[in-house]
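Asks: My questions will all concern the structure given below.
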Number of protein chains: 2
Amino acid sequence: MGTSAARNADVLVAGAGVIGLAVAWRAAQRGLSVTVADPAAGSGATNAAAGMLAPVTELAYGETPLLALNVSSARRYPSFVAELEQDSAMTVGYRTCGTLQVAWDGADLAALRDLHAFQLSLGLAAELVTGRELHRLEPGLAVGLPGGVVAAGDHQVDNRLLYAALRAAAAREGVAFAASRVTDLVVTGDRVTGARLDTGEVLGAGAVVLAAGAWSMQVGGLPPDLLPTIRPVKGQTLRLRTTGEPLLRHVLRGSVRGSPVYLVPRADGGIVVGASSEAVGFDLRPRAGAVYELLRDAQALLPAIGEAEIDEISTGLRPATPDNAPLIGRTSLPGLLLATGHYRNGLLLAPVTADTIADLLAGGADQPELAAAAPTRFAATAAAAVAAR
Amino acid sequence: MGTSAARNADVLVAGAGVIGLAVAWRAAQRGLSVTVADPAAGSGATNAAAGMLAPVTELAYGETPLLALNVSSARRYPSFVAELEQDSAMTVGYRTCGTLQVAWDGADLAALRDLHAFQLSLGLAAELVTGRELHRLEPGLAVGLPGGVVAAGDHQVDNRLLYAALRAAAAREGVAFAASRVTDLVVTGDRVTGARLDTGEVLGAGAVVLAAGAWSMQVGGLPPDLLPTIRPVKGQTLRLRTTGEPLLRHVLRGSVRGSPVYLVPRADGGIVVGASSEAVGFDLRPRAGAVYELLRDAQALLPAIGEAEIDEISTGLRPATPDNAPLIGRTSLPGLLLATGHYRNGLLLAPVTADTIADLLAGGADQPELAAAAPTRFAATAAAAVAAR
């Protein structure tokens with residue numbers, strides 16, 4: 001396995017979460033030499049995530065531009081996983097289990113009916129079901145839930161297994177790893193030619209891909225207004241362990257008295273419960289109140305979860321952009337590409353992000369389907385804001 | 001520090017929780033050679049405890065015989081701590097902070113009034129206060145609590161610091177430690193002359209003190225009916241961390257809609273929240289439902305606790321006897337003494353247990369005040385039960 005950094009590479013990726021590693025793996029497959037730099041690889045949002053692959057049940061009013069991208073990436077998952085499992089000789093826990101979005105009460109069901117109509121209007125596969133049908137699908141559900149939506153195509157992957165497989169596959173393709181932070185871009189003339197690490201070392205690179213998630217803005221040397229504000233949105237997840245018969249077969253989502261919660265059942269009896277959502281800066285401490293709310297709402301939907309063992313409380317920082325869509329592609333600064341700002345959808349969007357960035361690194365043209373994620377889409381606003389000062 | 005087991009000793013203590021270590025320390029101070037055997041020293045109830053020293057607010061109807069013992073041990077605490085801190089050169093976090101027992105609602109306050117009258121009838125120091133007075137004492141309390149009882153003499157010790165200090169003080173007095181489990185008593189003629197460890201080694205001893213808490217019944221070679229049933233009662237505690245101004249100055253106890261909870265504020269901003277109570281055998285897994293209930297009830301009394309950081313979830317097994325009083329003293333088998341069955345009061349009762357057992361080991365007579373804890377008190381019942389078979 002390559003574990004030391006090459007002094008010069010075709011591509012330097014700043015950030016070794018699932019996005020950075022997927023980009024590195026795909027770029028290396030195309031024959032590019034790649035170095036990935038991260039002081040704490042895989043320990044960020046990648047580690048705390050639950051791994052829902054849910055373009056349908058993640059759909060939010062006002063975020064339709066993001067939908068095509070989410071759907072495109074979800075469609076890539078089967079082949080992405082097959083190829084990755086082959087390359088890494090590891091499994092990634094991809095389960096085509098479907099997702100139940102359940103209503104908590106009548107008002108919630110009414111809102112879910114509207115959302116369902118919206119889903120259908122966009123051509124998505126989603127089925128409205130009664131409370132009785134919900135119970136047939138998941139006998140452990142709380143009694144009295146009035147109904148819900150079955151999104152048979154919303155699946156899951158085990159985020160931590162996926163990370164480990166990406167790491168192994170990337171190494172196998174010759175990717176080098178530096179356990180250091182990228183502190184500054186190095187710009188020579190009008191283009192990025194490398195980056196400086198916190199060790200002081202400078203790595204030369206034909207292109208730099210910024211994939212540092214919530215920490216992306218902390219890289220120095222970025223021209224002002226090149227990057228929109230990326231705000232860290234703290235999320236907490238719980239990892240529970242159950243034994244015996246599975247408590248749950250589908251991914252389960254709901255909003256209990258307005259408080260969203262999801263439960264993602266792993267094949268080994270583990271259940272990931274998520275997720276809190278708090279804009280509190282770079283604070284990674286697990287908050288008692290968030291744990292309380294997750295347990296409260298998870299038990300409200302699936303009472304037997306109270307008997308599960310608590311294995312772990314995880315926190316991570318989702319990188320959120322002003323319009324909640326990611327930043328994927330070339331920037332106005334030659335040699336600098338972005339693969340960040342994936343907010344709630346980093347696991348889902350890893351395949352499309354990696355394919356797209358690898359294409360661009362190999363000299364490909366911009367893809368129209370990526371317009372919603374174009375890093376340059378905020379430039380006009382930013383310029384106007386500067387002009388108005 | 002003595003860390004290897006002596007082959008022969010005056011005293012072998014089976015169990016290195018606070019009870020076993022306090023006994024070992026006190027016995028060694030009297031010039032006896034002592035070995036303590038435990039495969040996982042300090043990891044049981046000692047580790048999960050919160051360290052409340054609360055004879056008044058622990059008082060339960062029907063457990064009055066235990067009260068004198070609890071009060072006696074609480075009175076010994078200041079000198080016990082002073083001597084231990086001196087011997088160990090460590091601090092143990094003894095805080096004379098007092099305890100507030102708060103009522104949740106009117107019905108709860110009525111019950112608390114009755115309990116308060118019972119406390120006064122037994123000569124205990126306890127003061128009934130209004131909701132307004134509670135808020136003056138603890139401004140962070142939830143609004144609307146109707147009143148409570150202040151037990152100014154119910155204090156706390158940091159169970160983990162106390163454990164560490166006992167270990168250091170015992171080692172300094174020459175106590176030897178074996179990281180092994182006592183599997184069987186060795187009986188020669190009519191008396192105990194040592195014990196066998198799980199390594200196969202036999203340690204000779206003039207006396208054996210059984211201080212293995214919930215595991216006490218698992219020692220082989222005990223005559224039938226010598227020991228009453230000791231049932232493991234699982235308890236969970238949470239360790240939270242707060243920063244800035246302390247959220248709480250007193251130990252806080254309450255019963256929220258019938259569910260008991262306590263919060264023990266450490267000097268460093270830590271708060272221990274406890275405790276669940278479940279009779280589920282030797283199951284030490286942290287249960288999601290118990291964590292949920294502790295957080296729910298703790299927040300109901302002290303809302304700001306929701307902002308605290310969760311540091312740790314701990315579980316332990318309280319050793320409970322049929323009458324909930326401990327087993328302290330000589331048995332009908334010469335050479336075997338018991339120091340176990342302390343249920344909810346192991347930390348509180350460590351001083352009186354250690355003093356008493358050390359006295360007996362040094363040839364002292366049985367103390368009348370220990371009658372409620374006499375290991376032989378169940379013998380008549382047991383004999384009758386055998387006769388009735």
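Convention: chains lettered A, B, ... in structure tokens order; per-chain residue numbering from 1; ligands numbered from 1 as shown.
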Compile the contact shell of stretch 34-50 of chain A as a PyMOL selection string: residues with an atom at most 8 Å away, counting only C-alpha atoms, same-chain residues fewer than 2 positions apart removed.
Replies: chain A and resi 5-6+9-18+20-21+24+27-28+32+52+158-160+163+174-182+213+235-237+264+272-274+314-318+346-347
Asks: Dump as a VMD selection string the residues of chain A that approach chain B to within 9 Å, counting only C-alpha atoms.
Replies: chain A and resid 240 285 to 296 299 304 to 311 313
Asks: What is the distance, in Å and to one decimal place, between atom CA of A:Ile328 and atom CA of A:Ser276?
Replies: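 Atom-to-atom, atom CA of A:Ile328 to atom CA of A:Ser276, that is 25.7 Å.
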Asks: Just how far from atom CA of A:Gly363 is atom CA of A:Gly220, in Å to one decimal?
Replies: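 Going from atom CA of A:Gly220 over to atom CA of A:Gly363 covers 26.1 Å.
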Asks: For atom CA of A:Arg249 and atom CA of A:Cys97, quote the distance in Å rounded to one decimal.
Replies: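 A separation of 6.8 Å between them.
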Asks: Residues at most 10 Å from A:Arg26, counting only C-alpha atoms, excluding those fewer than 5 positions away in the same chain, as number ranges by chain?
Replies: A: 21, 31-32, 34, 166, 169-170, 173, 351, 353-359
Asks: Could you please take those selected residues and save N, CA and C atoms as a short mmCIF file (atom, residue, chain, number, x, y, z; two decimals), in the first residue's frame?
Replies:
```cif
data_model
loop_
_atom_site.label_atom_id
_atom_site.label_comp_id
_atom_site.auth_asym_id
_atom_site.auth_seq_id
_atom_site.Cartn_x
_atom_site.Cartn_y
_atom_site.Cartn_z
N LEU A 21 -11.60 10.22 -1.40
CA LEU A 21 -11.08 8.91 -1.76
C LEU A 21 -11.70 8.38 -3.05
N GLY A 31 -5.17 6.39 -14.83
CA GLY A 31 -3.74 6.46 -15.08
C GLY A 31 -3.06 7.69 -14.53
N LEU A 32 -3.82 8.51 -13.78
CA LEU A 32 -3.21 9.70 -13.18
C LEU A 32 -2.50 9.32 -11.88
N VAL A 34 -1.82 10.18 -8.13
CA VAL A 34 -2.67 10.91 -7.18
C VAL A 34 -2.09 10.82 -5.77
N LEU A 166 -12.79 1.99 -0.19
CA LEU A 166 -12.21 3.03 -1.04
C LEU A 166 -10.73 3.22 -0.74
N ALA A 169 -8.93 0.20 -2.25
CA ALA A 169 -8.92 0.23 -3.72
C ALA A 169 -8.01 1.34 -4.23
N ALA A 170 -8.05 2.50 -3.56
CA ALA A 170 -7.20 3.62 -3.97
C ALA A 170 -5.72 3.23 -3.82
N GLU A 173 -4.54 1.09 -6.49
CA GLU A 173 -4.33 1.81 -7.76
C GLU A 173 -3.11 2.72 -7.68
N PRO A 351 -20.39 8.52 -6.04
CA PRO A 351 -20.12 8.01 -7.39
C PRO A 351 -20.15 9.10 -8.47
N THR A 353 -19.84 12.31 -8.17
CA THR A 353 -18.76 13.27 -7.95
C THR A 353 -17.44 12.72 -8.46
N ALA A 354 -17.16 11.46 -8.10
CA ALA A 354 -15.88 10.87 -8.49
C ALA A 354 -15.78 10.72 -10.00
N ASP A 355 -16.86 10.24 -10.63
CA ASP A 355 -16.84 10.07 -12.09
C ASP A 355 -16.61 11.41 -12.78
N THR A 356 -17.33 12.42 -12.33
CA THR A 356 -17.27 13.73 -12.96
C THR A 356 -15.90 14.38 -12.81
N ILE A 357 -15.39 14.36 -11.59
CA ILE A 357 -14.10 15.00 -11.36
C ILE A 357 -12.99 14.25 -12.10
N ALA A 358 -13.08 12.91 -12.10
CA ALA A 358 -12.05 12.14 -12.81
C ALA A 358 -12.09 12.46 -14.31
N ASP A 359 -13.31 12.61 -14.85
CA ASP A 359 -13.45 13.03 -16.26
C ASP A 359 -12.75 14.36 -16.52
#
```
Asks: A:Arg330: which residues within 10 Å, counting only C-alpha atoms, same-chain residues fewer than 5 positions away excluded, as a ChimeraX atom specification?
Replies: /A:209,335-339,357,360-361,365-366,374-376
Asks: Residues of stretch 294-360 of chain B classed as strand (DSSP E) by DSSP on the backbone are to be reported as a list in words.
Replies: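 Reading the DSSP output for stretch 294-360 of chain B, strand (DSSP E) covers Glu309, Ile310, Asp311, Glu312, Ile313, Ser314, Thr315, Gly316, Leu317, Arg318, Pro319, Ala320, Leu327, Ile328, Gly329, Arg330, Leu336, Leu337, Leu338, Ala339 and Thr340 of chain B.
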Asks: Store the residues picked out above, limited to N, CA, C and O atoms, as a compact mmCIF listing (two decimals), in the first residue's frame.
Replies:
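Dumped everything to part-v9.txt:
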```
# COMPACT_ATOMS: atom_id res chain seq x y z
N GLU B 309 -22.25 17.87 27.38
CA GLU B 309 -21.63 16.86 26.52
C GLU B 309 -21.73 15.50 27.20
O GLU B 309 -21.56 15.40 28.42
N ILE B 310 -22.02 14.47 26.42
CA ILE B 310 -22.03 13.11 26.98
C ILE B 310 -20.63 12.53 26.87
O ILE B 310 -20.07 12.42 25.78
N ASP B 311 -20.08 12.19 28.01
CA ASP B 311 -18.72 11.64 28.05
C ASP B 311 -18.73 10.12 28.06
O ASP B 311 -17.88 9.49 27.45
N GLU B 312 -19.67 9.56 28.78
CA GLU B 312 -19.60 8.12 29.01
C GLU B 312 -20.95 7.58 29.49
O GLU B 312 -21.68 8.25 30.19
N ILE B 313 -21.23 6.35 29.07
CA ILE B 313 -22.36 5.59 29.60
C ILE B 313 -21.75 4.42 30.35
O ILE B 313 -20.95 3.67 29.78
N SER B 314 -22.08 4.27 31.62
CA SER B 314 -21.49 3.20 32.42
C SER B 314 -22.59 2.27 32.91
O SER B 314 -23.71 2.71 33.19
N THR B 315 -22.26 1.00 33.03
CA THR B 315 -23.20 0.08 33.66
C THR B 315 -22.47 -0.69 34.74
O THR B 315 -21.27 -0.93 34.66
N GLY B 316 -23.22 -1.06 35.77
CA GLY B 316 -22.68 -1.87 36.85
C GLY B 316 -23.78 -2.75 37.42
O GLY B 316 -24.95 -2.59 37.07
N LEU B 317 -23.38 -3.68 38.26
CA LEU B 317 -24.35 -4.58 38.90
C LEU B 317 -24.28 -4.38 40.41
O LEU B 317 -23.28 -4.68 41.04
N ARG B 318 -25.38 -3.87 40.98
CA ARG B 318 -25.46 -3.74 42.44
C ARG B 318 -25.71 -5.11 43.03
O ARG B 318 -26.59 -5.84 42.54
N PRO B 319 -25.02 -5.47 44.10
CA PRO B 319 -25.28 -6.76 44.75
C PRO B 319 -26.36 -6.60 45.82
O PRO B 319 -26.14 -5.95 46.83
N ALA B 320 -27.53 -7.18 45.58
CA ALA B 320 -28.67 -6.97 46.49
C ALA B 320 -29.02 -8.26 47.22
O ALA B 320 -29.14 -9.32 46.60
N LEU B 327 -24.07 -7.69 53.88
CA LEU B 327 -23.56 -8.84 54.63
C LEU B 327 -22.16 -8.46 55.09
O LEU B 327 -21.22 -8.42 54.29
N ILE B 328 -22.04 -8.16 56.37
CA ILE B 328 -20.75 -7.69 56.90
C ILE B 328 -20.45 -8.44 58.18
O ILE B 328 -21.18 -8.30 59.18
N GLY B 329 -19.38 -9.25 58.15
CA GLY B 329 -18.99 -9.90 59.42
C GLY B 329 -18.60 -11.35 59.24
O GLY B 329 -18.39 -11.84 58.12
N ARG B 330 -18.51 -12.04 60.39
CA ARG B 330 -18.13 -13.45 60.40
C ARG B 330 -19.29 -14.30 59.89
O ARG B 330 -20.46 -13.92 60.00
N LEU B 336 -13.98 -17.52 57.33
CA LEU B 336 -14.65 -16.85 56.20
C LEU B 336 -15.45 -15.65 56.71
O LEU B 336 -16.33 -15.81 57.57
N LEU B 337 -15.15 -14.50 56.18
CA LEU B 337 -15.92 -13.30 56.51
C LEU B 337 -16.55 -12.76 55.23
O LEU B 337 -16.04 -12.96 54.13
N LEU B 338 -17.67 -12.07 55.39
CA LEU B 338 -18.35 -11.47 54.24
C LEU B 338 -18.28 -9.95 54.32
O LEU B 338 -18.39 -9.36 55.40
N ALA B 339 -18.09 -9.34 53.18
CA ALA B 339 -18.17 -7.88 53.05
C ALA B 339 -18.75 -7.64 51.66
O ALA B 339 -18.07 -7.24 50.73
N THR B 340 -20.03 -7.93 51.55
CA THR B 340 -20.67 -7.90 50.23
C THR B 340 -22.15 -7.58 50.39
O THR B 340 -22.62 -7.29 51.48
```
Asks: Need to verify the contact set: B:Asp105, 10 Å, only C-alpha atoms, exclusion of same-chain residues closer than 3 positions in sequence. Can you return it as a PyMOL selection string?
Replies: chain B and resi 102+108-110+144-147+255-257
